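A.B. asks: Handing you a structure now.
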Amino acid sequence: LTNGAAIETTEIGTRIIQSVFGLNPAPINIDTDEKPGKEYLDRLVGVYHSALGFDMTVSVSSGRLLAQITGQQALALSKVAENRFRYKIVDAEIEFDITDDDDAVAVTIYQNGQEIRCERKED
């Protein structure tokens, strides 16, 4: 329910803790996922390299966009804005640098106050 490196909890963790202490937490609002089309998602698929030395592999499975950092598992993403997605189980977002007529050229990761840009690798 918490990230061991920080004191912060997830929204669900916070509500459980509030319940344990006898508080009456408000219900959690569940986001309804906007499901982007296959053609759009295919423009995002690829491997993106960061200057920090890791790669992010973006793929599509069963119509869902997934992102996988080197050495980690692939995680599902939900669209929150134009070319911007939020991880479902991690407090982070990514935003694709994409033109109207081409595939994404880069992706920026937003997590813990950091912005990490990853450039698309050539096939």
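The way I read the labels, and the way they are meant: chains A, B, ... in the order of the structure tokens, residue 1 as the first residue of every chain, and ligand 1 as the first ligand shown, with later ones counted on from there.
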Sorted by chain and rising residue number, list the residues of segment 47-69 of chain A at most 9 Å from segment 76-81 of chain A (counting only C-alpha atoms), each with its closest atom pair and distance in Å to one decimal, as JSON lines.

C.D. replies:
```
{"residue": "A:Arg64", "atom": "CA", "partner": "A:Ala76", "partner_atom": "CA", "distance": 6.7}
{"residue": "A:Leu65", "atom": "CA", "partner": "A:Leu77", "partner_atom": "CA", "distance": 5.6}
{"residue": "A:Leu66", "atom": "CA", "partner": "A:Ala76", "partner_atom": "CA", "distance": 4.5}
{"residue": "A:Ala67", "atom": "CA", "partner": "A:Ala76", "partner_atom": "CA", "distance": 6.7}
```

A.B. asks: For segment 41-49 of chain A, find every residue with an atom within 12 Å (counting only C-alpha atoms), except residues of its own chain fewer than 2 positions away, and show them as a ChimeraX atom specification.

C.D. replies: /A:35-39,51-70,77-79,83-85,94-109,116-123

A.B. asks: Do you have the atom CA of Gly71 of chain A-atom CA of Val90 of chain A distance handy?

C.D. replies: 15.7 Å

A.B. asks: Run DSSP on the backbone and give me the residues of chain A it puts in alpha helix (DSSP H), as a list in words.

C.D. replies: Glu11, Ile12, Gly13, Thr14, Arg15, Ile16, Ile17, Gln18, Ser19, Val20, Lys38, Glu39, Tyr40, Leu41 and Asp42 of chain A

A.B. asks: Got a sec to tell me which of chain A DSSP assigns to strand (DSSP E or B), as a PDB file with N, CA, C and O atoms, in the first residue's frame?

C.D. replies:
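File written: out-v5.pdb
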```
ATOM      1  N   THR A   2       2.137   1.119   0.326  1.00  0.00           N
ATOM      2  CA  THR A   2       3.014   2.281   0.314  1.00  0.00           C
ATOM      3  C   THR A   2       4.276   1.955  -0.460  1.00  0.00           C
ATOM      4  O   THR A   2       4.632   0.793  -0.635  1.00  0.00           O
ATOM      5  N   THR A   9       1.336   7.183   0.453  1.00  0.00           N
ATOM      6  CA  THR A   9       0.630   5.956   0.110  1.00  0.00           C
ATOM      7  C   THR A   9      -0.153   6.179  -1.175  1.00  0.00           C
ATOM      8  O   THR A   9      -0.308   7.302  -1.634  1.00  0.00           O
ATOM      9  N   GLU A  34     -10.396   6.015 -21.521  1.00  0.00           N
ATOM     10  CA  GLU A  34     -10.626   6.316 -22.925  1.00  0.00           C
ATOM     11  C   GLU A  34      -9.773   5.326 -23.698  1.00  0.00           C
ATOM     12  O   GLU A  34      -8.579   5.204 -23.450  1.00  0.00           O
ATOM     13  N   GLY A  46       7.232   1.159 -29.697  1.00  0.00           N
ATOM     14  CA  GLY A  46       8.648   1.220 -30.032  1.00  0.00           C
ATOM     15  C   GLY A  46       9.505   1.158 -28.782  1.00  0.00           C
ATOM     16  O   GLY A  46       9.012   0.991 -27.664  1.00  0.00           O
ATOM     17  N   VAL A  47      10.814   1.296 -28.991  1.00  0.00           N
ATOM     18  CA  VAL A  47      11.773   1.303 -27.889  1.00  0.00           C
ATOM     19  C   VAL A  47      12.359   2.703 -27.797  1.00  0.00           C
ATOM     20  O   VAL A  47      12.796   3.268 -28.798  1.00  0.00           O
ATOM     21  N   TYR A  48      12.346   3.261 -26.583  1.00  0.00           N
ATOM     22  CA  TYR A  48      12.818   4.615 -26.327  1.00  0.00           C
ATOM     23  C   TYR A  48      13.979   4.539 -25.339  1.00  0.00           C
ATOM     24  O   TYR A  48      13.880   3.856 -24.318  1.00  0.00           O
ATOM     25  N   HIS A  49      15.065   5.247 -25.633  1.00  0.00           N
ATOM     26  CA  HIS A  49      16.272   5.189 -24.807  1.00  0.00           C
ATOM     27  C   HIS A  49      16.461   6.480 -24.013  1.00  0.00           C
ATOM     28  O   HIS A  49      16.311   7.574 -24.555  1.00  0.00           O
ATOM     29  N   SER A  50      16.811   6.332 -22.737  1.00  0.00           N
ATOM     30  CA  SER A  50      17.063   7.502 -21.891  1.00  0.00           C
ATOM     31  C   SER A  50      18.559   7.739 -21.764  1.00  0.00           C
ATOM     32  O   SER A  50      19.366   6.813 -21.886  1.00  0.00           O
ATOM     33  N   ASP A  55      16.060   1.645 -21.155  1.00  0.00           N
ATOM     34  CA  ASP A  55      15.127   1.720 -22.272  1.00  0.00           C
ATOM     35  C   ASP A  55      13.709   1.575 -21.749  1.00  0.00           C
ATOM     36  O   ASP A  55      13.466   0.921 -20.730  1.00  0.00           O
ATOM     37  N   MET A  56      12.771   2.179 -22.461  1.00  0.00           N
ATOM     38  CA  MET A  56      11.347   1.970 -22.219  1.00  0.00           C
ATOM     39  C   MET A  56      10.792   1.332 -23.483  1.00  0.00           C
ATOM     40  O   MET A  56      10.880   1.922 -24.558  1.00  0.00           O
ATOM     41  N   THR A  57      10.230   0.164 -23.339  1.00  0.00           N
ATOM     42  CA  THR A  57       9.603  -0.519 -24.461  1.00  0.00           C
ATOM     43  C   THR A  57       8.101  -0.332 -24.362  1.00  0.00           C
ATOM     44  O   THR A  57       7.492  -0.703 -23.349  1.00  0.00           O
ATOM     45  N   VAL A  58       7.515   0.259 -25.389  1.00  0.00           N
ATOM     46  CA  VAL A  58       6.078   0.514 -25.424  1.00  0.00           C
ATOM     47  C   VAL A  58       5.458  -0.488 -26.383  1.00  0.00           C
ATOM     48  O   VAL A  58       5.927  -0.648 -27.517  1.00  0.00           O
ATOM     49  N   SER A  59       4.421  -1.175 -25.920  1.00  0.00           N
ATOM     50  CA  SER A  59       3.757  -2.193 -26.735  1.00  0.00           C
ATOM     51  C   SER A  59       2.253  -2.104 -26.532  1.00  0.00           C
ATOM     52  O   SER A  59       1.761  -1.373 -25.675  1.00  0.00           O
ATOM     53  N   VAL A  60       1.537  -2.876 -27.330  1.00  0.00           N
ATOM     54  CA  VAL A  60       0.083  -2.959 -27.221  1.00  0.00           C
ATOM     55  C   VAL A  60      -0.286  -4.431 -27.075  1.00  0.00           C
ATOM     56  O   VAL A  60       0.217  -5.282 -27.810  1.00  0.00           O
ATOM     57  N   SER A  61      -1.153  -4.723 -26.104  1.00  0.00           N
ATOM     58  CA  SER A  61      -1.639  -6.082 -25.902  1.00  0.00           C
ATOM     59  C   SER A  61      -3.129  -6.010 -25.603  1.00  0.00           C
ATOM     60  O   SER A  61      -3.539  -5.291 -24.680  1.00  0.00           O
ATOM     61  N   ARG A  64      -4.613  -2.618 -25.136  1.00  0.00           N
ATOM     62  CA  ARG A  64      -4.121  -1.806 -24.019  1.00  0.00           C
ATOM     63  C   ARG A  64      -2.677  -1.410 -24.269  1.00  0.00           C
ATOM     64  O   ARG A  64      -1.867  -2.212 -24.700  1.00  0.00           O
ATOM     65  N   LEU A  65      -2.343  -0.154 -23.969  1.00  0.00           N
ATOM     66  CA  LEU A  65      -0.977   0.324 -24.085  1.00  0.00           C
ATOM     67  C   LEU A  65      -0.204  -0.090 -22.842  1.00  0.00           C
ATOM     68  O   LEU A  65      -0.673   0.068 -21.717  1.00  0.00           O
ATOM     69  N   LEU A  66       0.995  -0.655 -23.060  1.00  0.00           N
ATOM     70  CA  LEU A  66       1.868  -1.101 -21.970  1.00  0.00           C
ATOM     71  C   LEU A  66       3.221  -0.431 -22.115  1.00  0.00           C
ATOM     72  O   LEU A  66       3.682  -0.181 -23.234  1.00  0.00           O
ATOM     73  N   ALA A  67       3.873  -0.154 -20.991  1.00  0.00           N
ATOM     74  CA  ALA A  67       5.232   0.385 -21.006  1.00  0.00           C
ATOM     75  C   ALA A  67       6.075  -0.439 -20.046  1.00  0.00           C
ATOM     76  O   ALA A  67       5.644  -0.767 -18.942  1.00  0.00           O
ATOM     77  N   GLN A  68       7.286  -0.770 -20.509  1.00  0.00           N
ATOM     78  CA  GLN A  68       8.186  -1.592 -19.708  1.00  0.00           C
ATOM     79  C   GLN A  68       9.567  -0.954 -19.671  1.00  0.00           C
ATOM     80  O   GLN A  68      10.194  -0.745 -20.704  1.00  0.00           O
ATOM     81  N   ILE A  69      10.030  -0.630 -18.478  1.00  0.00           N
ATOM     82  CA  ILE A  69      11.376  -0.102 -18.261  1.00  0.00           C
ATOM     83  C   ILE A  69      12.319  -1.299 -18.149  1.00  0.00           C
ATOM     84  O   ILE A  69      11.948  -2.335 -17.598  1.00  0.00           O
ATOM     85  N   LEU A  75       3.735  -2.520 -17.630  1.00  0.00           N
ATOM     86  CA  LEU A  75       2.595  -2.020 -16.869  1.00  0.00           C
ATOM     87  C   LEU A  75       1.602  -1.329 -17.793  1.00  0.00           C
ATOM     88  O   LEU A  75       1.986  -0.633 -18.731  1.00  0.00           O
ATOM     89  N   ALA A  76       0.315  -1.497 -17.489  1.00  0.00           N
ATOM     90  CA  ALA A  76      -0.758  -0.905 -18.286  1.00  0.00           C
ATOM     91  C   ALA A  76      -0.855   0.590 -18.038  1.00  0.00           C
ATOM     92  O   ALA A  76      -0.570   1.082 -16.944  1.00  0.00           O
ATOM     93  N   LEU A  77      -1.284   1.304 -19.081  1.00  0.00           N
ATOM     94  CA  LEU A  77      -1.439   2.755 -19.035  1.00  0.00           C
ATOM     95  C   LEU A  77      -2.862   3.132 -19.421  1.00  0.00           C
ATOM     96  O   LEU A  77      -3.500   2.446 -20.216  1.00  0.00           O
ATOM     97  N   SER A  78      -3.333   4.247 -18.881  1.00  0.00           N
ATOM     98  CA  SER A  78      -4.636   4.806 -19.243  1.00  0.00           C
ATOM     99  C   SER A  78      -4.412   6.199 -19.803  1.00  0.00           C
ATOM    100  O   SER A  78      -3.633   6.978 -19.252  1.00  0.00           O
ATOM    101  N   LYS A  79      -5.147   6.536 -20.854  1.00  0.00           N
ATOM    102  CA  LYS A  79      -5.025   7.858 -21.455  1.00  0.00           C
ATOM    103  C   LYS A  79      -5.686   8.891 -20.556  1.00  0.00           C
ATOM    104  O   LYS A  79      -6.809   8.714 -20.109  1.00  0.00           O
ATOM    105  N   VAL A  80      -4.956  10.004 -20.282  1.00  0.00           N
ATOM    106  CA  VAL A  80      -5.496  11.059 -19.435  1.00  0.00           C
ATOM    107  C   VAL A  80      -5.600  12.391 -20.169  1.00  0.00           C
ATOM    108  O   VAL A  80      -6.324  13.282 -19.734  1.00  0.00           O
ATOM    109  N   ALA A  81      -4.875  12.548 -21.259  1.00  0.00           N
ATOM    110  CA  ALA A  81      -4.893  13.775 -22.061  1.00  0.00           C
ATOM    111  C   ALA A  81      -4.282  13.449 -23.416  1.00  0.00           C
ATOM    112  O   ALA A  81      -3.827  12.334 -23.644  1.00  0.00           O
ATOM    113  N   ARG A  84      -0.860  11.804 -23.537  1.00  0.00           N
ATOM    114  CA  ARG A  84      -0.389  11.624 -22.161  1.00  0.00           C
ATOM    115  C   ARG A  84      -1.143  10.472 -21.509  1.00  0.00           C
ATOM    116  O   ARG A  84      -2.368  10.384 -21.630  1.00  0.00           O
ATOM    117  N   PHE A  85      -0.386   9.628 -20.803  1.00  0.00           N
ATOM    118  CA  PHE A  85      -0.940   8.427 -20.199  1.00  0.00           C
ATOM    119  C   PHE A  85      -0.477   8.318 -18.751  1.00  0.00           C
ATOM    120  O   PHE A  85       0.597   8.782 -18.393  1.00  0.00           O
ATOM    121  N   ARG A  86      -1.300   7.670 -17.933  1.00  0.00           N
ATOM    122  CA  ARG A  86      -0.987   7.440 -16.521  1.00  0.00           C
ATOM    123  C   ARG A  86      -0.880   5.936 -16.302  1.00  0.00           C
ATOM    124  O   ARG A  86      -1.701   5.154 -16.791  1.00  0.00           O
ATOM    125  N   TYR A  87       0.143   5.558 -15.529  1.00  0.00           N
ATOM    126  CA  TYR A  87       0.245   4.153 -15.120  1.00  0.00           C
ATOM    127  C   TYR A  87      -0.919   3.817 -14.210  1.00  0.00           C
ATOM    128  O   TYR A  87      -1.361   4.650 -13.425  1.00  0.00           O
ATOM    129  N   ALA A  92       2.909   7.672 -11.697  1.00  0.00           N
ATOM    130  CA  ALA A  92       3.742   8.265 -12.747  1.00  0.00           C
ATOM    131  C   ALA A  92       2.909   8.417 -14.010  1.00  0.00           C
ATOM    132  O   ALA A  92       1.909   7.721 -14.197  1.00  0.00           O
ATOM    133  N   GLU A  93       3.333   9.340 -14.857  1.00  0.00           N
ATOM    134  CA  GLU A  93       2.704   9.542 -16.158  1.00  0.00           C
ATOM    135  C   GLU A  93       3.787   9.603 -17.226  1.00  0.00           C
ATOM    136  O   GLU A  93       4.949   9.891 -16.922  1.00  0.00           O
ATOM    137  N   ILE A  94       3.382   9.341 -18.458  1.00  0.00           N
ATOM    138  CA  ILE A  94       4.283   9.501 -19.590  1.00  0.00           C
ATOM    139  C   ILE A  94       3.561  10.300 -20.668  1.00  0.00           C
ATOM    140  O   ILE A  94       2.340  10.254 -20.779  1.00  0.00           O
ATOM    141  N   GLU A  95       4.347  11.059 -21.418  1.00  0.00           N
ATOM    142  CA  GLU A  95       3.786  11.866 -22.499  1.00  0.00           C
ATOM    143  C   GLU A  95       4.637  11.674 -23.746  1.00  0.00           C
ATOM    144  O   GLU A  95       5.856  11.799 -23.697  1.00  0.00           O
ATOM    145  N   PHE A  96       3.954  11.363 -24.838  1.00  0.00           N
ATOM    146  CA  PHE A  96       4.633  11.121 -26.103  1.00  0.00           C
ATOM    147  C   PHE A  96       4.792  12.409 -26.882  1.00  0.00           C
ATOM    148  O   PHE A  96       3.887  13.245 -26.920  1.00  0.00           O
ATOM    149  N   ASP A  97       5.952  12.559 -27.503  1.00  0.00           N
ATOM    150  CA  ASP A  97       6.221  13.659 -28.427  1.00  0.00           C
ATOM    151  C   ASP A  97       5.897  13.102 -29.814  1.00  0.00           C
ATOM    152  O   ASP A  97       6.640  12.280 -30.347  1.00  0.00           O
ATOM    153  N   ALA A 106       9.694  10.573 -29.199  1.00  0.00           N
ATOM    154  CA  ALA A 106      10.225  10.540 -27.840  1.00  0.00           C
ATOM    155  C   ALA A 106       9.074  10.366 -26.860  1.00  0.00           C
ATOM    156  O   ALA A 106       7.911  10.538 -27.208  1.00  0.00           O
ATOM    157  N   VAL A 107       9.442  10.027 -25.630  1.00  0.00           N
ATOM    158  CA  VAL A 107       8.478   9.939 -24.540  1.00  0.00           C
ATOM    159  C   VAL A 107       9.139  10.538 -23.305  1.00  0.00           C
ATOM    160  O   VAL A 107      10.340  10.355 -23.085  1.00  0.00           O
ATOM    161  N   THR A 108       8.367  11.287 -22.518  1.00  0.00           N
ATOM    162  CA  THR A 108       8.870  11.864 -21.272  1.00  0.00           C
ATOM    163  C   THR A 108       8.144  11.205 -20.111  1.00  0.00           C
ATOM    164  O   THR A 108       6.918  11.103 -20.118  1.00  0.00           O
ATOM    165  N   ILE A 109       8.924  10.757 -19.132  1.00  0.00           N
ATOM    166  CA  ILE A 109       8.378  10.138 -17.927  1.00  0.00           C
ATOM    167  C   ILE A 109       8.306  11.205 -16.845  1.00  0.00           C
ATOM    168  O   ILE A 109       9.279  11.917 -16.608  1.00  0.00           O
ATOM    169  N   TYR A 110       7.163  11.313 -16.179  1.00  0.00           N
ATOM    170  CA  TYR A 110       6.961  12.249 -15.073  1.00  0.00           C
ATOM    171  C   TYR A 110       6.717  11.424 -13.811  1.00  0.00           C
ATOM    172  O   TYR A 110       5.698  10.761 -13.685  1.00  0.00           O
ATOM    173  N   GLN A 111       7.698  11.462 -12.884  1.00  0.00           N
ATOM    174  CA  GLN A 111       7.553  10.690 -11.654  1.00  0.00           C
ATOM    175  C   GLN A 111       8.383  11.338 -10.546  1.00  0.00           C
ATOM    176  O   GLN A 111       9.548  11.695 -10.759  1.00  0.00           O
ATOM    177  N   GLN A 114      10.410  14.394 -11.177  1.00  0.00           N
ATOM    178  CA  GLN A 114      11.427  14.303 -12.214  1.00  0.00           C
ATOM    179  C   GLN A 114      10.778  14.209 -13.588  1.00  0.00           C
ATOM    180  O   GLN A 114       9.665  13.702 -13.719  1.00  0.00           O
ATOM    181  N   GLU A 115      11.496  14.681 -14.583  1.00  0.00           N
ATOM    182  CA  GLU A 115      11.109  14.523 -15.979  1.00  0.00           C
ATOM    183  C   GLU A 115      12.277  13.868 -16.701  1.00  0.00           C
ATOM    184  O   GLU A 115      13.375  14.424 -16.734  1.00  0.00           O
ATOM    185  N   ILE A 116      12.034  12.684 -17.254  1.00  0.00           N
ATOM    186  CA  ILE A 116      13.086  11.951 -17.954  1.00  0.00           C
ATOM    187  C   ILE A 116      12.645  11.739 -19.390  1.00  0.00           C
ATOM    188  O   ILE A 116      11.659  11.049 -19.648  1.00  0.00           O
ATOM    189  N   ARG A 117      13.391  12.342 -20.318  1.00  0.00           N
ATOM    190  CA  ARG A 117      13.060  12.213 -21.738  1.00  0.00           C
ATOM    191  C   ARG A 117      13.798  11.007 -22.315  1.00  0.00           C
ATOM    192  O   ARG A 117      14.980  10.813 -22.073  1.00  0.00           O
ATOM    193  N   CYS A 118      13.066  10.221 -23.088  1.00  0.00           N
ATOM    194  CA  CYS A 118      13.610   9.042 -23.746  1.00  0.00           C
ATOM    195  C   CYS A 118      13.375   9.190 -25.249  1.00  0.00           C
ATOM    196  O   CYS A 118      12.232   9.365 -25.682  1.00  0.00           O
ATOM    197  N   GLU A 119      14.447   9.136 -26.023  1.00  0.00           N
ATOM    198  CA  GLU A 119      14.370   9.271 -27.481  1.00  0.00           C
ATOM    199  C   GLU A 119      14.090   7.922 -28.119  1.00  0.00           C
ATOM    200  O   GLU A 119      14.630   6.899 -27.677  1.00  0.00           O
ATOM    201  N   ARG A 120      13.269   7.919 -29.155  1.00  0.00           N
ATOM    202  CA  ARG A 120      12.943   6.683 -29.869  1.00  0.00           C
ATOM    203  C   ARG A 120      14.183   6.126 -30.552  1.00  0.00           C
ATOM    204  O   ARG A 120      14.915   6.868 -31.215  1.00  0.00           O
TER     205      ARG A 120
END
```
